[in-house]
Amino acid sequence: MPETERVSLADVRRVAELANLDLTADEEPRMCRDLNAILDYVAQLGELDTASVEPMAQVAEVLAIAGEPATEKLSVLREDQVRPCLDRERVMASAPETDGVFFKVPKVIGR
Amino acid sequence: MTTATAAAGSIEGIRSAIAKGETTATAVAEIYQERIAGEDPKIHAFLSTDRDYALAQAAHIDDLAAKGDPLPRLAGVPFGIKDVLTLEGFAATAGSKILEGYKPPYTATAVKKLADAGAIFLGKLNCDEFAMGSSNENSAYGPVHNPHALDRVPGGSSGGSAAAVAANMAVATLGTDTGGSIRQPASFCGVVGVLPTYGRVSRYGLIAFASSLDRIGPFTATVRDAATVLGVIAGHDGMDATSSPLPVPDYTENVDRGVKGMKLGVPREYFAEGLDDEVRAAVEAGIDKLRAAGAEIQPISLAHTRYAIPTYYVIATAEASSNLARFDGVRYGLRAPESDTLAAMYRRTRDLGFGAEVKRRILLGTYVLSHGYYDAYYRKAQQVRRLLTDDFLAAFREVDAIVTPTAPTPAFKIGEKSDDPVAMYLADIYTVTASLAGICGVSVPCGESREGLPIGMQILGRHFDESTIFRVGHAVESL
């Protein structure tokens with residue numbers, strides 16, 4: 001058992017708001033329990049001294065170091081060219097509500 | 001080959017039987033459609049099928065054969081596609097209620113390449129919601145049952161893709177693997193499952209979970225068939241900025257060359273506490289046979305292995321929290337009705353549309369990226385990711401490939417771990433390392449438990465060295 005809870009119910013509510021999730025009253029304590037269990041497990045990363053280790057965000061950067069040929073191209077952006085895109089009508093057909101040109105949504109600011 | 005034996009055939013068997021006029025693509029497709037009708041009510045691997053679509057594809061192949069035209073590489077081969085990959089005009093649910101009814105307006109590159117090579121699409125396959133899970137129990141459309149024992153899970157997240165091949169409801173399928181989601185279900189279902197090197201197969205049209213980890217790969221009955229399918233779907237694609245420009249070799253060319261003289265590493269960390277005795281025995285027996293076949297077996301250490309699961313769950317959830325922000329009821333899928341404001345609509349839609357595991361991962365990912373925790377969790381995990389990767393790069397200076405168990409246990413029972421997220425995450429303990437490092441891997445059947453449950457051996461290879469792991473895998477299945 002952890003000495004102190006890492007994540008409180010208030011933390012869960014704050015993170016849910018950041019993530020645009022509405023949690024029910026039942027879900028909040030359960031998510032709180034699960035996040036604490038997972039983060040207790042994650043805490044073992046603290047055993048490692050990583051002060052001099054560069055973070056790795058992508059596989060491509062490692063390949064460049066490993067000396068794989070042609071992988072330099074992975075980090076080069078393509079030419080900025082105009083290309084055809086998906087057909088508007090077919091894209092709009094997937095949307096819950098449109099006027100055929102724009103996606104429609106409820107009003108942004110409530111009264 | 002008769003029509004009946006074509007149904008149990010290999011890719012090349014089916015293709016050549018059609019070319020010689022011994023059977024037709026239509027007849028093969030119908031046999032598989034009948035198998036799905038007979039078997040799938042018990043297994044629930046398929047989320048959708050389209051009889052007419054498959055028969056139209058088959059008719060096209062039969063036209064080519066009738067004219068005597070050369071047949072493409074996958075001509076008439078019945079495939080299933082994991083439902084996180086798009087096929088224009090076909091429902092793509094990602095196993096989630098939030099995409100119920102969504103019909104994407106475009107086709108994934110890997111799926112398009114299969115179609116261009118003559119594959120027949122039987123349908124879309126069940127999976128954990130947004131590929132998040134290790135048992136297929138997180139599908140919003142109900143679990144998949146393991147064909148070897150219907151009360152057990154098929155593994156996940158590509159459970160439907162593995163089960164469909166295991167039950168011979170498809171000759172090959174596509175799955176996706178972010179932390180083990182191809183290899184672990186392949187192990188649980190007794191089939192071959194391939195994790196290609198990151199960048200080898202375009203991710204265009206894959207509904208994203210964790211973009212720096214997500215990969216697409218095949219499930220098949222044999223290593224040779226897996227090599228054939230990978231050769232079709234691999235290659236550079238301008239639609240995926242991380243797609244590699246390296247040329248695609250013929251993976252089948254040397255697949256049966258054997259392992260004589262090859263150096264194979266056995267990492268001691270993968271045989272430590274937590275490994276089931278029967279899995280250990282089967283994998284060690286497989287390693288002994290590789291030694292007898294002429295491979296040099298070398299004990300190695302991948303020192304940071306125990307940190308892989310926590311590293312993975314920080315990075316994968318962080319990326320997921322960002323990727324899944326796009327499901328907000330505006331452009332596609334579900335929208336919660338009768339919301340007064342945009343913000344309320346977002347929140348209610350996501351609450352209605354996402355299942356518990358997806359919410360848990362979005363919350364965890366948002367937490368580790370939030371102010372005050374980013375350095376402690378996300379940056380730390382990225383640093384450990386490099387240490388884990390460096391372990392592999394060092395090992396591959398000594399050995400040609402690495403052999404391990406694919407999963408710590410055979411398939412577990414449905415419901416056994418579904419209430420404990422950490423216990424469930426440990427099912428991926430031997431697979432997440434290769435995911436983080438970007439290297440390639442394959443799971444190949446190497447035995448059974450006393451109860452008759454399949455056990456898989458994982459073979460890991462250098463970046464872009466799939467040919468070597470296929471050679472080892474082919475040797476394992478031939479022993």
# chains A, B, ... in the order shown; residues from 1 in each chain; ligands from 1
call {"tool": "interface_residues", "arguments": {"of": "chain B", "to": "chain A", "cutoff": "7 Å", "atoms": "only C-alpha atoms", "output": "compact mmCIF listing (two decimals) with C-alpha atoms, in the first residue's frame"}}
result
# COMPACT_ATOMS: atom_id res chain seq x y z
CA TYR B 102 -18.94 5.40 -38.93
CA LYS B 103 -18.05 4.56 -42.53
CA PRO B 105 -14.23 7.87 -46.66
CA SER B 212 5.19 6.37 -31.82
CA THR B 242 7.38 7.94 -40.30
CA SER B 244 10.69 4.17 -44.13
CA LEU B 246 14.27 1.47 -47.27
CA TYR B 307 11.06 -1.11 -16.29
CA PRO B 310 5.71 1.21 -16.46
CA VAL B 330 -18.18 16.92 -34.28
CA ARG B 331 -16.83 15.21 -37.40
CA TYR B 332 -17.76 11.54 -37.15
CA GLY B 333 -19.34 8.90 -35.00
CA ARG B 335 -22.88 12.69 -30.70
CA SER B 339 -26.54 19.25 -25.19
CA ASP B 340 -26.93 22.98 -24.51
CA THR B 341 -23.33 23.94 -25.18
CA LEU B 342 -20.38 22.69 -27.18
CA TYR B 346 -17.96 17.07 -25.93
CA ARG B 347 -18.07 15.69 -22.41
CA ARG B 348 -21.36 13.82 -22.71
CA ARG B 350 -17.07 11.04 -24.70
CA ASP B 351 -18.72 9.73 -21.54
CA ARG B 360 -8.73 5.06 -17.59
CA LEU B 363 -7.10 10.02 -17.61
CA LEU B 364 -3.69 8.48 -16.91
CA THR B 366 -3.67 13.40 -19.32
CA TYR B 367 -2.33 13.17 -15.76
CA ARG B 379 10.01 12.77 -19.62
CA GLN B 382 11.06 8.73 -22.53
CA GLN B 383 14.50 8.54 -20.93
CA ARG B 385 12.68 4.19 -23.33
CA ARG B 386 16.13 5.09 -24.60
CA VAL B 422 -1.98 -3.82 -13.40
CA ALA B 437 12.61 0.02 -29.19
CA GLY B 438 10.97 -0.11 -32.64
call {"tool": "residues_around", "arguments": {"residues": "Tyr198 (chain B)", "least_positions_apart": "4", "cutoff": "8 Å", "atoms": "only C-alpha atoms", "output": "list in words"}}
result
Val59 of chain A; Leu213, Asp214, Arg215, Ser243, Gly438, Ile439, Cys440 and His463 of chain B
call {"tool": "atom_distance", "arguments": {"atom1": "CA of His44 (chain B)", "atom2": "CA of Val144 (chain B)"}}
result
5.1 Å
call {"tool": "atom_distance", "arguments": {"atom1": "CA of Ser135 (chain B)", "atom2": "CA of Gly156 (chain B)"}}
result
4.3 Å
call {"tool": "select_by_dssp", "arguments": {"residues": "region 20-237 of chain B", "states": "strand (DSSP E)", "output": "VMD selection string"}}
result
chain B and resid 46 to 49 78 to 82 120 to 125 172 to 177 192 to 195 215 to 220
call {"tool": "atom_distance", "arguments": {"atom1": "CA of Val403 (chain B)", "atom2": "CA of Ile459 (chain B)"}}
result
4.6 Å
call {"tool": "residues_around", "arguments": {"residues": "region 64-72 of chain B", "least_positions_apart": "2", "cutoff": "9 Å", "atoms": "only C-alpha atoms", "output": "MDAnalysis selection string"}}
result
chainID B and resid 15:16 18:21 24 59:62 74:75 116:119
call {"tool": "residues_around", "arguments": {"residues": "Ala401 (chain B)", "least_positions_apart": "5", "cutoff": "8 Å", "atoms": "only C-alpha atoms", "output": "PyMOL selection string"}}
result
chain B and resi 263-265+396+459-462+468-469
call {"tool": "residues_around", "arguments": {"residues": "Gly9 (chain B)", "least_positions_apart": "4", "cutoff": "12 Å", "atoms": "only C-alpha atoms", "output": "list in words"}}
result
Met1, Thr2, Thr3, Ala4, Thr5, Gly13, Ile14, Arg15, Ser16, Ala17, Ile18, Thr23, Val28, Ile31, Tyr32, Gly76, Val77, Pro78, Val165, Asn168, Met169, Ala170, Val171, Ala172, Thr220, Ala221, Thr222 and Asp225 of chain B
call {"tool": "write_last_selection", "arguments": {"atoms": "N, CA and C atoms", "output": "PDB file, in the first residue's frame"}}
result
ATOM      1  N   MET B   1      -5.448 -29.843 -56.412  1.00  0.00           N
ATOM      2  CA  MET B   1      -6.121 -29.472 -55.167  1.00  0.00           C
ATOM      3  C   MET B   1      -7.622 -29.361 -55.410  1.00  0.00           C
ATOM      4  N   THR B   2      -8.393 -30.012 -54.589  1.00  0.00           N
ATOM      5  CA  THR B   2      -9.841 -29.901 -54.711  1.00  0.00           C
ATOM      6  C   THR B   2     -10.301 -28.632 -54.002  1.00  0.00           C
ATOM      7  N   THR B   3     -11.542 -28.276 -54.245  1.00  0.00           N
ATOM      8  CA  THR B   3     -12.098 -27.107 -53.578  1.00  0.00           C
ATOM      9  C   THR B   3     -12.029 -27.280 -52.067  1.00  0.00           C
ATOM     10  N   ALA B   4     -12.267 -28.502 -51.602  1.00  0.00           N
ATOM     11  CA  ALA B   4     -12.268 -28.731 -50.161  1.00  0.00           C
ATOM     12  C   ALA B   4     -10.888 -28.505 -49.558  1.00  0.00           C
ATOM     13  N   THR B   5      -9.849 -28.991 -50.210  1.00  0.00           N
ATOM     14  CA  THR B   5      -8.530 -28.801 -49.612  1.00  0.00           C
ATOM     15  C   THR B   5      -8.025 -27.369 -49.783  1.00  0.00           C
ATOM     16  N   GLY B  13      -0.812 -22.097 -52.145  1.00  0.00           N
ATOM     17  CA  GLY B  13      -1.682 -23.208 -52.540  1.00  0.00           C
ATOM     18  C   GLY B  13      -2.973 -22.712 -53.163  1.00  0.00           C
ATOM     19  N   ILE B  14      -3.571 -21.726 -52.539  1.00  0.00           N
ATOM     20  CA  ILE B  14      -4.832 -21.186 -53.050  1.00  0.00           C
ATOM     21  C   ILE B  14      -4.610 -20.481 -54.387  1.00  0.00           C
ATOM     22  N   ARG B  15      -3.563 -19.654 -54.431  1.00  0.00           N
ATOM     23  CA  ARG B  15      -3.299 -18.894 -55.643  1.00  0.00           C
ATOM     24  C   ARG B  15      -3.035 -19.834 -56.829  1.00  0.00           C
ATOM     25  N   SER B  16      -2.211 -20.855 -56.615  1.00  0.00           N
ATOM     26  CA  SER B  16      -1.862 -21.721 -57.755  1.00  0.00           C
ATOM     27  C   SER B  16      -3.037 -22.620 -58.139  1.00  0.00           C
ATOM     28  N   ALA B  17      -3.858 -23.022 -57.146  1.00  0.00           N
ATOM     29  CA  ALA B  17      -5.037 -23.840 -57.487  1.00  0.00           C
ATOM     30  C   ALA B  17      -6.008 -23.038 -58.352  1.00  0.00           C
ATOM     31  N   ILE B  18      -6.130 -21.725 -58.066  1.00  0.00           N
ATOM     32  CA  ILE B  18      -7.001 -20.880 -58.893  1.00  0.00           C
ATOM     33  C   ILE B  18      -6.381 -20.704 -60.287  1.00  0.00           C
ATOM     34  N   THR B  23      -9.719 -24.774 -58.763  1.00  0.00           N
ATOM     35  CA  THR B  23     -10.822 -24.201 -57.992  1.00  0.00           C
ATOM     36  C   THR B  23     -10.987 -22.764 -58.471  1.00  0.00           C
ATOM     37  N   VAL B  28     -13.619 -20.587 -53.156  1.00  0.00           N
ATOM     38  CA  VAL B  28     -12.843 -20.460 -51.909  1.00  0.00           C
ATOM     39  C   VAL B  28     -13.535 -19.464 -50.969  1.00  0.00           C
ATOM     40  N   ILE B  31     -16.541 -21.027 -49.334  1.00  0.00           N
ATOM     41  CA  ILE B  31     -16.182 -21.985 -48.269  1.00  0.00           C
ATOM     42  C   ILE B  31     -15.885 -21.229 -46.965  1.00  0.00           C
ATOM     43  N   TYR B  32     -15.124 -20.134 -47.089  1.00  0.00           N
ATOM     44  CA  TYR B  32     -14.780 -19.384 -45.877  1.00  0.00           C
ATOM     45  C   TYR B  32     -16.003 -18.672 -45.298  1.00  0.00           C
ATOM     46  N   GLY B  76      -7.161 -14.360 -54.579  1.00  0.00           N
ATOM     47  CA  GLY B  76      -8.168 -15.262 -54.040  1.00  0.00           C
ATOM     48  C   GLY B  76      -7.981 -15.648 -52.581  1.00  0.00           C
ATOM     49  N   VAL B  77      -7.041 -15.028 -51.897  1.00  0.00           N
ATOM     50  CA  VAL B  77      -6.767 -15.412 -50.501  1.00  0.00           C
ATOM     51  C   VAL B  77      -7.730 -14.681 -49.557  1.00  0.00           C
ATOM     52  N   PRO B  78      -8.534 -15.424 -48.797  1.00  0.00           N
ATOM     53  CA  PRO B  78      -9.519 -14.792 -47.905  1.00  0.00           C
ATOM     54  C   PRO B  78      -8.860 -14.153 -46.676  1.00  0.00           C
ATOM     55  N   VAL B 165      -7.860 -16.666 -37.739  1.00  0.00           N
ATOM     56  CA  VAL B 165      -6.894 -17.557 -38.392  1.00  0.00           C
ATOM     57  C   VAL B 165      -6.868 -18.906 -37.675  1.00  0.00           C
ATOM     58  N   ASN B 168      -9.561 -21.072 -38.687  1.00  0.00           N
ATOM     59  CA  ASN B 168      -9.605 -21.195 -40.142  1.00  0.00           C
ATOM     60  C   ASN B 168     -10.845 -20.532 -40.739  1.00  0.00           C
ATOM     61  N   MET B 169     -11.158 -19.340 -40.190  1.00  0.00           N
ATOM     62  CA  MET B 169     -12.228 -18.525 -40.782  1.00  0.00           C
ATOM     63  C   MET B 169     -11.632 -17.491 -41.740  1.00  0.00           C
ATOM     64  N   ALA B 170     -10.305 -17.452 -41.833  1.00  0.00           N
ATOM     65  CA  ALA B 170      -9.590 -16.627 -42.809  1.00  0.00           C
ATOM     66  C   ALA B 170      -8.213 -17.258 -42.958  1.00  0.00           C
ATOM     67  N   VAL B 171      -7.613 -17.093 -44.138  1.00  0.00           N
ATOM     68  CA  VAL B 171      -6.269 -17.632 -44.332  1.00  0.00           C
ATOM     69  C   VAL B 171      -5.240 -16.706 -43.693  1.00  0.00           C
ATOM     70  N   ALA B 172      -5.533 -15.406 -43.734  1.00  0.00           N
ATOM     71  CA  ALA B 172      -4.648 -14.421 -43.114  1.00  0.00           C
ATOM     72  C   ALA B 172      -5.491 -13.242 -42.668  1.00  0.00           C
ATOM     73  N   THR B 220      -1.043 -15.322 -39.649  1.00  0.00           N
ATOM     74  CA  THR B 220      -1.171 -16.411 -40.620  1.00  0.00           C
ATOM     75  C   THR B 220      -0.961 -17.738 -39.886  1.00  0.00           C
ATOM     76  N   ALA B 221      -1.152 -18.834 -40.615  1.00  0.00           N
ATOM     77  CA  ALA B 221      -0.898 -20.151 -40.025  1.00  0.00           C
ATOM     78  C   ALA B 221       0.576 -20.520 -40.091  1.00  0.00           C
ATOM     79  N   THR B 222       1.295 -19.969 -41.064  1.00  0.00           N
ATOM     80  CA  THR B 222       2.713 -20.331 -41.226  1.00  0.00           C
ATOM     81  C   THR B 222       3.578 -19.081 -41.381  1.00  0.00           C
ATOM     82  N   ASP B 225       3.731 -17.814 -45.051  1.00  0.00           N
ATOM     83  CA  ASP B 225       2.596 -16.952 -45.421  1.00  0.00           C
ATOM     84  C   ASP B 225       2.737 -15.560 -44.810  1.00  0.00           C
TER      85      ASP B 225
END
call {"tool": "decode", "arguments": {"residues": "region 127-155 of chain B", "atoms": "N, CA and C atoms", "output": "PDB file, in the first residue's frame"}}
result
ATOM      1  N   CYS B 127     -11.909  -6.443 -31.728  1.00  0.00           N
ATOM      2  CA  CYS B 127     -10.669  -6.072 -31.031  1.00  0.00           C
ATOM      3  C   CYS B 127     -11.032  -5.301 -29.775  1.00  0.00           C
ATOM      4  N   ASP B 128     -10.060  -5.131 -28.892  1.00  0.00           N
ATOM      5  CA  ASP B 128     -10.266  -4.248 -27.749  1.00  0.00           C
ATOM      6  C   ASP B 128     -10.495  -2.826 -28.247  1.00  0.00           C
ATOM      7  N   GLU B 129     -11.311  -2.088 -27.498  1.00  0.00           N
ATOM      8  CA  GLU B 129     -11.664  -0.731 -27.889  1.00  0.00           C
ATOM      9  C   GLU B 129     -10.403   0.111 -28.120  1.00  0.00           C
ATOM     10  N   PHE B 130     -10.277   0.695 -29.306  1.00  0.00           N
ATOM     11  CA  PHE B 130      -9.107   1.473 -29.704  1.00  0.00           C
ATOM     12  C   PHE B 130      -7.807   0.697 -29.475  1.00  0.00           C
ATOM     13  N   ALA B 131      -7.883  -0.625 -29.576  1.00  0.00           N
ATOM     14  CA  ALA B 131      -6.711  -1.505 -29.443  1.00  0.00           C
ATOM     15  C   ALA B 131      -6.102  -1.450 -28.043  1.00  0.00           C
ATOM     16  N   MET B 132      -6.926  -1.057 -27.062  1.00  0.00           N
ATOM     17  CA  MET B 132      -6.418  -0.955 -25.689  1.00  0.00           C
ATOM     18  C   MET B 132      -6.868  -2.158 -24.884  1.00  0.00           C
ATOM     19  N   GLY B 133      -5.977  -3.138 -24.758  1.00  0.00           N
ATOM     20  CA  GLY B 133      -6.315  -4.306 -23.959  1.00  0.00           C
ATOM     21  C   GLY B 133      -5.448  -5.485 -24.325  1.00  0.00           C
ATOM     22  N   SER B 134      -5.460  -6.489 -23.464  1.00  0.00           N
ATOM     23  CA  SER B 134      -4.637  -7.673 -23.660  1.00  0.00           C
ATOM     24  C   SER B 134      -5.491  -8.937 -23.673  1.00  0.00           C
ATOM     25  N   SER B 135      -6.826  -8.782 -23.790  1.00  0.00           N
ATOM     26  CA  SER B 135      -7.701  -9.951 -23.695  1.00  0.00           C
ATOM     27  C   SER B 135      -8.901  -9.890 -24.626  1.00  0.00           C
ATOM     28  N   ASN B 136      -9.075  -8.797 -25.318  1.00  0.00           N
ATOM     29  CA  ASN B 136     -10.239  -8.542 -26.171  1.00  0.00           C
ATOM     30  C   ASN B 136     -11.537  -8.373 -25.361  1.00  0.00           C
ATOM     31  N   GLU B 137     -11.423  -8.307 -24.034  1.00  0.00           N
ATOM     32  CA  GLU B 137     -12.618  -8.107 -23.208  1.00  0.00           C
ATOM     33  C   GLU B 137     -13.072  -6.649 -23.203  1.00  0.00           C
ATOM     34  N   ASN B 138     -12.226  -5.742 -23.728  1.00  0.00           N
ATOM     35  CA  ASN B 138     -12.610  -4.326 -23.742  1.00  0.00           C
ATOM     36  C   ASN B 138     -13.352  -3.926 -25.009  1.00  0.00           C
ATOM     37  N   SER B 139     -13.691  -4.861 -25.873  1.00  0.00           N
ATOM     38  CA  SER B 139     -14.491  -4.502 -27.044  1.00  0.00           C
ATOM     39  C   SER B 139     -15.885  -4.085 -26.594  1.00  0.00           C
ATOM     40  N   ALA B 140     -16.374  -2.980 -27.141  1.00  0.00           N
ATOM     41  CA  ALA B 140     -17.740  -2.541 -26.814  1.00  0.00           C
ATOM     42  C   ALA B 140     -18.776  -3.485 -27.420  1.00  0.00           C
ATOM     43  N   TYR B 141     -18.336  -4.376 -28.294  1.00  0.00           N
ATOM     44  CA  TYR B 141     -19.258  -5.276 -28.985  1.00  0.00           C
ATOM     45  C   TYR B 141     -19.181  -6.711 -28.446  1.00  0.00           C
ATOM     46  N   GLY B 142     -18.532  -6.881 -27.303  1.00  0.00           N
ATOM     47  CA  GLY B 142     -18.474  -8.196 -26.670  1.00  0.00           C
ATOM     48  C   GLY B 142     -17.158  -8.891 -26.933  1.00  0.00           C
ATOM     49  N   PRO B 143     -16.780  -9.827 -26.040  1.00  0.00           N
ATOM     50  CA  PRO B 143     -15.473 -10.471 -26.139  1.00  0.00           C
ATOM     51  C   PRO B 143     -15.384 -11.475 -27.286  1.00  0.00           C
ATOM     52  N   VAL B 144     -14.145 -11.808 -27.650  1.00  0.00           N
ATOM     53  CA  VAL B 144     -13.859 -12.906 -28.577  1.00  0.00           C
ATOM     54  C   VAL B 144     -13.486 -14.120 -27.718  1.00  0.00           C
ATOM     55  N   HIS B 145     -13.895 -15.308 -28.164  1.00  0.00           N
ATOM     56  CA  HIS B 145     -13.569 -16.540 -27.443  1.00  0.00           C
ATOM     57  C   HIS B 145     -12.431 -17.258 -28.141  1.00  0.00           C
ATOM     58  N   ASN B 146     -11.492 -17.777 -27.350  1.00  0.00           N
ATOM     59  CA  ASN B 146     -10.347 -18.489 -27.913  1.00  0.00           C
ATOM     60  C   ASN B 146     -10.817 -19.792 -28.567  1.00  0.00           C
ATOM     61  N   PRO B 147     -10.520 -20.003 -29.847  1.00  0.00           N
ATOM     62  CA  PRO B 147     -10.991 -21.223 -30.523  1.00  0.00           C
ATOM     63  C   PRO B 147     -10.477 -22.510 -29.867  1.00  0.00           C
ATOM     64  N   HIS B 148      -9.356 -22.445 -29.133  1.00  0.00           N
ATOM     65  CA  HIS B 148      -8.813 -23.639 -28.475  1.00  0.00           C
ATOM     66  C   HIS B 148      -9.523 -23.960 -27.161  1.00  0.00           C
ATOM     67  N   ALA B 149     -10.199 -22.966 -26.579  1.00  0.00           N
ATOM     68  CA  ALA B 149     -10.930 -23.157 -25.315  1.00  0.00           C
ATOM     69  C   ALA B 149     -11.862 -21.966 -25.185  1.00  0.00           C
ATOM     70  N   LEU B 150     -13.146 -22.204 -25.419  1.00  0.00           N
ATOM     71  CA  LEU B 150     -14.078 -21.080 -25.579  1.00  0.00           C
ATOM     72  C   LEU B 150     -14.279 -20.264 -24.303  1.00  0.00           C
ATOM     73  N   ASP B 151     -13.878 -20.808 -23.140  1.00  0.00           N
ATOM     74  CA  ASP B 151     -14.001 -20.024 -21.903  1.00  0.00           C
ATOM     75  C   ASP B 151     -12.760 -19.175 -21.652  1.00  0.00           C
ATOM     76  N   ARG B 152     -11.831 -19.177 -22.601  1.00  0.00           N
ATOM     77  CA  ARG B 152     -10.600 -18.399 -22.430  1.00  0.00           C
ATOM     78  C   ARG B 152     -10.529 -17.252 -23.438  1.00  0.00           C
ATOM     79  N   VAL B 153      -9.695 -16.247 -23.069  1.00  0.00           N
ATOM     80  CA  VAL B 153      -9.532 -15.092 -23.945  1.00  0.00           C
ATOM     81  C   VAL B 153      -8.632 -15.476 -25.125  1.00  0.00           C
ATOM     82  N   PRO B 154      -8.767 -14.765 -26.253  1.00  0.00           N
ATOM     83  CA  PRO B 154      -7.879 -15.008 -27.392  1.00  0.00           C
ATOM     84  C   PRO B 154      -6.609 -14.161 -27.300  1.00  0.00           C
ATOM     85  N   GLY B 155      -6.482 -13.365 -26.223  1.00  0.00           N
ATOM     86  CA  GLY B 155      -5.438 -12.339 -26.174  1.00  0.00           C
ATOM     87  C   GLY B 155      -5.954 -11.071 -26.813  1.00  0.00           C
TER      88      GLY B 155
END
